[in-house]
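Note sheet for the following structure.
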Amino acid sequence: MIDIRGKPVVAREAVASGRLRLKPETLQAIRDRGIKKGDVIEVSRVAAVQAVKRTPDFLPLCHPIPIESVSVDFRFGKGHLEVEVAVAAHWKTGVEMEALVGVTAALLCAWDMTKYLEKDRAGQYPETRLGEVRVVRKRKGGAARGSKT
């Protein structure tokens with residue numbers, strides 16, 4: 001773990017995004033709230049927030065950070081579900097890992113909830129892909145913007 005004792009506490013914000021490629025029928029079932037396990041968007045939103053708060057449990061060298069806000073937004077694209085997670089805190093180290101873990105958890109949750117529609121006859125996932133996970137932007141210093149949960 002990196003020694004951050006001498007670093008000042010400042011506003012930090014990071015935004016990450018990613019995509020889950022799904023069949024058109026699966027995307028429509030998500031829109032129609034017709035998935036057997038429940039509302040994919042809302043359950044995946046909770047998964048993202050939970051993952052952000054538990055990032056040091058997944059990444060052993062990450063510092064626990066006092067998270068002040070998490071915003072999780074979903075968009076439907078052509079052939080995919082996209083999620084964007086924004087994380088803010090006042091701390092000594094950045095929150096980009098928290099945003100990335102939130103994105104990944106949201107997309108994995110959506111995949112888990114829809115996998116019965118994505119499997120082929122052999123039980124494989126020929127079309128389903130999780131990808132394009134990236135940090136969209138990060139900011140250090142100034143006032144952290146408020147976000148909705």
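Here's how to read the names in the structure tokens: chain A, B, ... by the order shown, residue numbers from 1 in each chain, ligand numbers from 1 in the order shown.
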
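Within the 12 Å cut-off around Arg137 of chain A, using only C-alpha atoms and omitting residues fewer than 4 positions from it on the same chain, the listed residues are Arg12, Glu13, Ala14, Val15, Ala16, Ser17, Glu84, Val85, Ala86, Val87, Gly94, Val95, Glu96, Ala99 and Leu100 of chain A.
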
Distance query Lys23 of chain A at most 9 Å, only C-alpha atoms, self and fewer than 2 positions along chain excluded, as a list in words: Arg21, Glu25, Thr26, Leu27, Gln28, Gly79, His80, Leu117, Glu118, Glu127 and Thr128 of chain A

Members of chain A assigned helix (DSSP H, G or I) by DSSP, as a ChimeraX atom specification: /A:24-31,40-53,55-58,96-118

Those selected residues, please, written with C-alpha atoms and delivered as a CSV table (one decimal), in the first residue's frame.
```csv
chain,number,residue,atom,x,y,z
A,24,PRO,CA,-31.8,-6.9,-29.1
A,25,GLU,CA,-34.5,-9.1,-27.5
A,26,THR,CA,-32.6,-9.0,-24.1
A,27,LEU,CA,-32.3,-5.2,-24.3
A,28,GLN,CA,-36.0,-4.9,-25.0
A,29,ALA,CA,-36.8,-7.2,-22.1
A,30,ILE,CA,-34.8,-4.9,-19.8
A,31,ARG,CA,-36.6,-1.9,-21.1
A,40,VAL,CA,-32.1,-4.9,-14.2
A,41,ILE,CA,-31.4,-1.2,-14.1
A,42,GLU,CA,-32.4,-0.7,-10.4
A,43,VAL,CA,-30.7,-3.9,-9.1
A,44,SER,CA,-27.5,-3.1,-11.2
A,45,ARG,CA,-27.5,0.5,-9.8
A,46,VAL,CA,-27.5,-0.9,-6.2
A,47,ALA,CA,-24.7,-3.4,-7.2
A,48,ALA,CA,-22.6,-0.4,-8.5
A,49,VAL,CA,-23.1,1.6,-5.3
A,50,GLN,CA,-22.3,-1.4,-3.1
A,51,ALA,CA,-19.2,-2.2,-5.1
A,52,VAL,CA,-17.9,1.4,-5.0
A,53,LYS,CA,-18.2,1.3,-1.2
A,55,THR,CA,-13.6,-1.5,-3.5
A,56,PRO,CA,-10.8,-2.2,-1.0
A,57,ASP,CA,-12.3,-5.6,-0.5
A,58,PHE,CA,-11.7,-6.4,-4.2
A,96,GLU,CA,-11.0,6.1,-10.2
A,97,MET,CA,-10.7,2.5,-9.0
A,98,GLU,CA,-14.0,2.9,-7.1
A,99,ALA,CA,-15.7,4.2,-10.3
A,100,LEU,CA,-14.2,1.4,-12.4
A,101,VAL,CA,-15.3,-1.3,-9.8
A,102,GLY,CA,-18.8,0.2,-9.8
A,103,VAL,CA,-19.0,0.1,-13.6
A,104,THR,CA,-17.9,-3.5,-13.7
A,105,ALA,CA,-20.2,-4.6,-10.9
A,106,ALA,CA,-23.2,-3.0,-12.5
A,107,LEU,CA,-22.5,-4.7,-15.9
A,108,LEU,CA,-21.8,-8.1,-14.3
A,109,CYS,CA,-25.1,-7.8,-12.4
A,110,ALA,CA,-27.0,-7.0,-15.6
A,111,TRP,CA,-25.3,-10.0,-17.3
A,112,ASP,CA,-26.2,-12.3,-14.4
A,113,MET,CA,-29.8,-11.1,-14.4
A,114,THR,CA,-30.2,-11.6,-18.2
A,115,LYS,CA,-27.9,-14.6,-18.8
A,116,TYR,CA,-30.9,-17.0,-19.4
A,117,LEU,CA,-31.8,-14.9,-22.4
A,118,GLU,CA,-28.2,-14.7,-23.7
```

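The residue that comes closest to Ala88 of chain A, out of A:Leu130, A:Gly142, A:Phe74, A:Asp120 and on the basis of only C-alpha atoms, is A:Gly142.
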
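Using only C-alpha atoms, the smallest distance between any of A:Gly34, A:Gly141, A:Gly131, A:Pro60 and Glu82 of chain A comes from A:Gly131.
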
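Comparing the minimum interatomic distances between Ala11 of chain A and each of A:Arg129, A:Pro64, A:Ala89, A:Phe76, counting only C-alpha atoms, we find that A:Ala89 sits nearest.
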
Could you find all residues in chain A that DSSP calls strand (DSSP E) from the backbone, and write them as an MDAnalysis selection string? chainID A and resid 10:21 67:77 80:91 129:140

With only C-alpha atoms as the counted atoms, please give the residues lying no more than 8 Å from His90 of chain A, apart from itself and same-chain residues fewer than 3 positions off, as a ChimeraX atom specification. /A:9-12,66-68,144

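Comparing the minimum interatomic distances between Lys78 of chain A and each of A:Arg19, A:Lys92, A:Arg134, A:Lys36, counting only C-alpha atoms, we find that A:Arg19 sits nearest.
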
To one decimal place in Å, what is the distance between atom CA of Val83 of chain A and atom CA of Arg121 of chain A? 28.6 Å

Pick from A:Glu132, A:Leu61, A:Tyr125, A:Thr93 nearest to Gly6 of chain A, counting only C-alpha atoms: A:Thr93

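Note that the spacing between atom CA of Leu81 of chain A and atom CA of Ala122 of chain A amounts to 24.2 Å.
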
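The space between atom CA of Cys62 of chain A and atom CA of Ile2 of chain A spans 8.6 Å.
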